[in-house]
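Dumped target-v4.csv below, it's CSV, C-alpha atoms:
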chain,number,residue,atom,x,y,z
A,1,MET,CA,104.4,145.1,130.8
A,2,GLU,CA,102.5,144.8,127.5
A,3,ARG,CA,104.7,143.4,124.7
A,4,VAL,CA,104.3,143.9,121.0
A,5,VAL,CA,105.1,141.0,118.7
A,6,ILE,CA,106.1,141.8,115.2
A,7,GLY,CA,106.3,139.1,112.5
A,8,ILE,CA,108.7,139.3,109.6
A,9,SER,CA,108.4,136.7,106.8
A,10,GLY,CA,108.8,136.4,103.0
A,11,ARG,CA,110.5,134.1,100.5
A,12,SER,CA,114.1,133.1,101.0
A,13,GLY,CA,116.2,136.0,99.9
A,14,SER,CA,113.6,138.6,100.5
A,15,GLY,CA,115.8,140.6,102.9
A,16,LYS,CA,114.4,139.5,106.2
A,17,THR,CA,117.7,139.4,108.0
A,18,THR,CA,118.8,142.8,106.8
A,19,LEU,CA,115.6,144.4,107.8
A,20,VAL,CA,115.7,142.8,111.2
A,21,LYS,CA,119.2,144.0,111.8
A,22,LYS,CA,118.2,147.6,111.0
A,23,LEU,CA,115.2,147.4,113.3
A,24,LEU,CA,117.3,146.0,116.1
A,25,ASN,CA,119.8,148.8,115.6
A,26,HIS,CA,117.2,151.5,115.6
A,27,PHE,CA,115.2,150.5,118.7
A,28,GLY,CA,118.2,149.3,120.6
A,29,GLU,CA,118.8,146.6,123.2
A,30,PRO,CA,116.6,147.8,126.0
A,31,MET,CA,113.6,147.9,123.7
A,32,ILE,CA,113.7,145.1,121.2
A,33,SER,CA,114.7,141.4,121.0
A,34,LEU,CA,114.8,138.8,118.2
A,35,HIS,CA,113.2,135.4,118.1
A,36,THR,CA,114.3,133.8,114.8
A,37,MET,CA,113.5,130.4,113.3
A,38,ASP,CA,117.1,130.0,112.1
A,39,ASN,CA,118.1,128.7,115.5
A,40,TYR,CA,115.4,126.1,115.6
A,41,TYR,CA,116.4,123.8,112.7
A,42,LEU,CA,116.3,120.1,113.5
A,43,PRO,CA,119.7,118.4,113.4
A,44,ARG,CA,121.0,117.5,110.0
A,45,HIS,CA,120.4,113.7,110.5
A,46,GLU,CA,116.7,114.5,111.0
A,47,GLN,CA,116.2,116.5,107.8
A,48,ILE,CA,114.5,115.1,104.8
A,49,ARG,CA,116.6,114.3,101.7
A,50,ASP,CA,115.4,114.8,98.2
A,51,SER,CA,115.9,112.5,95.2
A,52,LYS,CA,119.4,113.8,94.7
A,53,GLU,CA,120.2,113.3,98.4
A,54,TYR,CA,120.3,117.0,99.2
A,55,LEU,CA,118.9,117.9,102.6
A,56,ASN,CA,115.8,120.0,102.4
A,57,PHE,CA,115.8,122.8,105.0
A,58,ASP,CA,112.9,124.6,103.4
A,59,LEU,CA,110.0,122.6,104.8
A,60,PRO,CA,107.7,123.4,107.9
A,61,THR,CA,108.9,120.1,109.3
A,62,SER,CA,112.6,121.2,109.1
A,63,PHE,CA,112.2,123.0,112.4
A,64,HIS,CA,111.5,122.4,116.1
A,65,ARG,CA,108.1,123.8,115.7
A,66,SER,CA,106.7,123.2,119.2
A,67,ARG,CA,109.8,124.5,120.9
A,68,PHE,CA,109.8,127.7,118.7
A,69,ALA,CA,106.1,128.3,119.6
A,70,ALA,CA,106.6,127.5,123.3
A,71,ASP,CA,109.6,129.9,123.5
A,72,LEU,CA,107.6,132.7,121.9
A,73,GLN,CA,104.9,132.2,124.5
A,74,GLU,CA,107.4,132.4,127.3
A,75,LEU,CA,108.9,135.6,125.9
A,76,LYS,CA,105.4,137.2,125.6
A,77,LYS,CA,104.7,136.2,129.2
A,78,GLY,CA,107.9,137.9,130.3
A,79,PHE,CA,110.3,135.0,130.7
A,80,ARG,CA,113.8,134.8,129.3
A,81,VAL,CA,114.6,132.1,126.8
A,82,GLU,CA,117.9,130.2,126.4
A,83,LEU,CA,119.0,128.1,123.4
A,84,GLU,CA,121.9,127.2,121.3
A,85,GLU,CA,122.9,128.9,118.1
A,86,TYR,CA,122.4,126.9,114.8
A,87,VAL,CA,125.6,127.2,112.8
A,88,PHE,CA,124.4,125.8,109.5
A,89,ASN,CA,127.2,124.3,107.3
A,90,ASN,CA,130.0,125.8,109.4
A,91,GLU,CA,132.5,124.0,111.6
A,92,ARG,CA,132.5,126.2,114.7
A,93,THR,CA,131.3,125.9,118.2
A,94,PRO,CA,127.7,127.1,118.6
A,95,LYS,CA,127.1,130.1,121.0
A,96,LYS,CA,124.6,130.1,123.8
A,97,ILE,CA,121.8,132.6,123.1
A,98,ARG,CA,119.7,134.3,125.7
A,99,ILE,CA,116.6,136.1,124.4
A,100,GLN,CA,115.2,138.8,126.8
A,101,PRO,CA,111.4,139.6,126.9
A,102,ARG,CA,111.6,143.2,125.8
A,103,PRO,CA,108.8,145.5,124.9
A,104,ILE,CA,109.2,144.7,121.2
A,105,ILE,CA,109.7,141.1,120.1
A,106,LEU,CA,110.7,140.5,116.5
A,107,VAL,CA,109.6,137.0,115.2
A,108,GLU,CA,111.4,136.2,112.0
A,109,GLY,CA,111.2,133.1,109.8
A,110,LEU,CA,109.7,131.4,106.7
A,111,PHE,CA,106.8,129.7,108.3
A,112,ILE,CA,105.7,131.9,111.2
A,113,TYR,CA,102.2,132.4,109.7
A,114,HIS,CA,101.8,128.8,108.6
A,115,TYR,CA,102.4,127.8,112.2
A,116,ARG,CA,99.0,128.9,113.5
A,117,GLU,CA,100.0,128.7,117.2
A,118,VAL,CA,102.8,131.2,116.3
A,119,SER,CA,100.7,133.4,114.0
A,120,ASP,CA,98.0,133.8,116.7
A,121,LEU,CA,100.6,135.5,119.0
A,122,ILE,CA,101.7,138.1,116.4
A,123,ASP,CA,100.3,141.6,116.7
A,124,LEU,CA,101.7,143.0,113.4
A,125,LYS,CA,102.2,140.5,110.5
A,126,VAL,CA,104.6,141.7,107.8
A,127,ILE,CA,105.6,140.0,104.6
A,128,LEU,CA,108.4,141.2,102.4
A,129,ASP,CA,107.6,140.9,98.7
A,130,VAL,CA,110.6,140.4,96.4
A,131,PRO,CA,110.6,138.9,92.8
A,132,PHE,CA,112.1,135.5,92.3
A,133,ASP,CA,115.2,136.6,90.4
A,134,ILE,CA,116.3,139.2,93.0
A,135,ALA,CA,115.6,136.8,95.9
A,136,PHE,CA,117.6,134.0,94.2
A,137,LYS,CA,120.6,136.3,93.7
A,138,ARG,CA,120.6,137.3,97.3
A,139,ARG,CA,120.4,133.7,98.5
A,140,LEU,CA,123.2,132.7,96.2
A,141,GLN,CA,125.5,135.4,97.5
A,142,ARG,CA,124.6,134.6,101.1
A,143,ASP,CA,125.0,130.8,100.9
A,144,LEU,CA,128.3,131.1,99.0
A,145,LYS,CA,129.7,133.5,101.6
A,146,GLU,CA,128.2,132.4,104.9
A,147,ARG,CA,127.1,128.8,104.6
A,148,ASN,CA,129.9,127.1,102.5
A,149,TYR,CA,127.7,125.7,99.8
A,150,ASP,CA,128.7,125.6,96.1
A,151,SER,CA,126.6,127.4,93.4
A,152,ALA,CA,125.2,124.2,91.9
A,153,GLU,CA,123.8,123.0,95.2
A,154,ILE,CA,122.4,126.5,96.0
A,155,ALA,CA,120.6,126.7,92.7
A,156,HIS,CA,119.2,123.2,93.1
A,157,ARG,CA,117.9,123.9,96.6
A,158,TYR,CA,116.4,127.3,95.6
A,159,HIS,CA,114.5,126.0,92.6
A,160,HIS,CA,113.4,122.6,94.1
A,161,HIS,CA,113.1,123.4,97.8
A,162,ALA,CA,112.8,127.1,98.6
A,163,GLU,CA,110.6,128.3,95.8
A,164,PRO,CA,108.0,125.4,96.1
A,165,ALA,CA,107.9,126.0,99.8
A,166,TYR,CA,107.3,129.7,99.3
A,167,LEU,CA,104.4,129.1,96.9
A,168,ARG,CA,102.8,126.5,99.2
A,169,TYR,CA,103.5,127.8,102.7
A,170,ILE,CA,104.2,131.5,102.5
A,171,HIS,CA,102.5,133.2,99.6
A,172,PRO,CA,99.0,132.1,100.6
A,173,TYR,CA,99.4,134.2,103.8
A,174,HIS,CA,99.8,137.5,101.9
A,175,ARG,CA,96.0,137.9,102.3
A,176,GLU,CA,96.3,137.6,106.1
A,177,ALA,CA,99.3,140.0,106.5
A,178,HIS,CA,98.8,143.5,107.9
A,179,LEU,CA,101.5,144.7,105.6
A,180,VAL,CA,103.0,143.4,102.4
A,181,LEU,CA,106.0,145.5,101.6
A,182,SER,CA,108.2,145.6,98.5
A,183,ASN,CA,111.9,145.2,99.4
A,184,THR,CA,113.7,145.1,96.1
A,185,GLU,CA,116.2,147.8,96.6
A,186,SER,CA,117.3,149.6,99.8
A,187,SER,CA,115.4,148.5,102.9
A,188,ASP,CA,115.6,152.0,104.4
A,189,ARG,CA,112.1,152.9,103.2
A,190,VAL,CA,110.7,149.7,104.6
A,191,VAL,CA,112.4,150.3,107.9
A,192,LYS,CA,111.1,153.8,108.2
A,193,HIS,CA,107.5,152.6,107.5
A,194,LEU,CA,107.8,149.8,110.0
A,195,ARG,CA,109.2,152.0,112.7
A,196,GLY,CA,106.1,154.2,112.5
A,197,LYS,CA,103.8,151.2,112.7
A,198,ILE,CA,105.7,149.7,115.7
A,199,ASN,CA,105.6,152.9,117.6
A,200,ASP,CA,101.9,153.2,117.0
A,201,LEU,CA,101.5,149.8,118.7
A,202,LEU,CA,103.6,150.6,121.7
A,203,THR,CA,102.0,152.1,124.8
A,204,PRO,CA,102.8,155.8,125.4
A,205,SER,CA,105.0,155.1,128.3
A,206,SER,CA,107.3,152.8,126.3
A,207,ARG,CA,107.2,154.6,123.0
A,208,ARG,CA,110.6,155.7,121.8
A,209,THR,CA,110.8,159.3,120.5
Have the structure of the file written as structure tokens, please.
Amino acid sequence: MERVVIGISGRSGSGKTTLVKKLLNHFGEPMISLHTMDNYYLPRHEQIRDSKEYLNFDLPTSFHRSRFAADLQELKKGFRVELEEYVFNNERTPKKIRIQPRPIILVEGLFIYHYREVSDLIDLKVILDVPFDIAFKRRLQRDLKERNYDSAEIAHRYHHHAEPAYLRYIHPYHREAHLVLSNTESSDRVVKHLRGKINDLLTPSSRRT
């Protein structure tokens, strides 16, 4: 079976997770699976600290890069991947995750194009383009609600970690992307556009009508 690999990247707060959820919901479990960088963070004790002793999770070296790339290769070859969920700043037991090698493989993360061994496996490269102020507001809301950080720490990390990483490791790949899509309001328009592009890449026998 030929598998189509779709890359979704963009600055932190660009709406990657929301877009991915809508694509997963549209195509459904038999057709699509998700391979996200969020589950490949290094342990906290291996993360780099900045001058204020905050851990910096917004660096290409913050992740198990080789494992992430190797697992994507396995999925593309048709093998299932098993790993443990990364729970961020939450005190709960991580779940076991099994990623199935389905016809559509979504690859989502900050540095998927900077990692050349990952980028080379992607058939459709998408970057979500969102202005700084909107992206920061989204990350602030997410980290307050889902990751138990306070607003001062979130602001520091966004200005001193996330944004410099975006400018150095993500924005330069706009020129390589097949699609750079504005995602400032509802993502429904972006989802509709991507559904068509993904269907065009699928073989006729696996295309969903």
Next item on the list: Using only C-alpha atoms, find the one residue out of A:Gly109, A:Arg147, A:Val5, A:His156 that sits nearest to Glu53 of chain A.
Entry: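 That would be A:His156, the residue with the smallest distance to Glu53 of chain A.
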Go through segment 140-199 of chain A residue by residue and, counting all atoms listed in the file, keep those with an atom at most 9 Å from segment 15-32 of chain A; for each kept residue give the shortest atom pair and its distance in Å to one decimal, ordered by chain and increasing number, as a tab-separated table.
residue	atom	partner	partner_atom	distance
A:Asn183	CA	A:Gly15	CA	7.0
A:Thr184	CA	A:Gly15	CA	8.4
A:Ser187	CA	A:Leu19	CA	6.4
A:Asp188	CA	A:Leu19	CA	8.3
A:Val190	CA	A:Leu19	CA	7.9
A:Val191	CA	A:Leu19	CA	6.7
A:Leu194	CA	A:Leu23	CA	8.5
A:Arg195	CA	A:Leu23	CA	7.6
Note to self: Rounded to one decimal, what separation in Å do you get between atom CA of Ser151 of chain A and atom CA of Asp58 of chain A?
What the structure shows: 17.2 Å
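Nearest to Ala162 of chain A of all the residues A:Leu201, A:Leu110, A:Val87, A:Ala70 is A:Leu110, counting all atoms listed in the file.
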Next item on the list: In the coordinates of the file, take the point (102.3, 143.5, 110.1) and a cut-off of 10 Å; then, counting all atoms listed in the file, name each qualifying protein, DNA or RNA residue as a PyMOL selection string.
Entry: chain A and resi 5-9+122-127+176-181+194+197-198
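Closest approach to Arg175 of chain A among A:Phe79, A:Asp133, A:Gly196, A:Tyr113 is made by A:Tyr113 (distances from all atoms listed in the file).
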Next item on the list: Find, counting all atoms listed in the file, the residue in A:Glu85, A:Lys76, A:Ala69, A:Ile112 that gets nearest to Pro43 of chain A.
Entry: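 Selected residue with least distance to Pro43 of chain A: A:Glu85.
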Notebook entry, point to check: Which distance in Å separates atom CA of Gln141 of chain A and atom CA of Pro172 of chain A, to one decimal?
Noted result: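 A separation of 26.9 Å between them.
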Note to self: Given only C-alpha atoms as the basis, pick out the residue of A:Glu84, A:Phe111, A:Lys77, A:Asp143 nearest to Phe63 of chain A.
What the structure shows: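 Answer, going by the shortest atom-to-atom distance: A:Phe111.
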Check: In Å, how far is it from atom CA of Glu2 of chain A to atom CA of Ile105 of chain A?
Finding: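 Atom CA of Ile105 of chain A lies 11.0 Å from atom CA of Glu2 of chain A.
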Check: So, counting all atoms listed in the file, which residue among A:Tyr115, A:Tyr41, A:Tyr166, A:Phe57 is closest to Val130 of chain A?
Finding: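 Looking only at the distances to Val130 of chain A, the closest residue turns out to be A:Tyr166.
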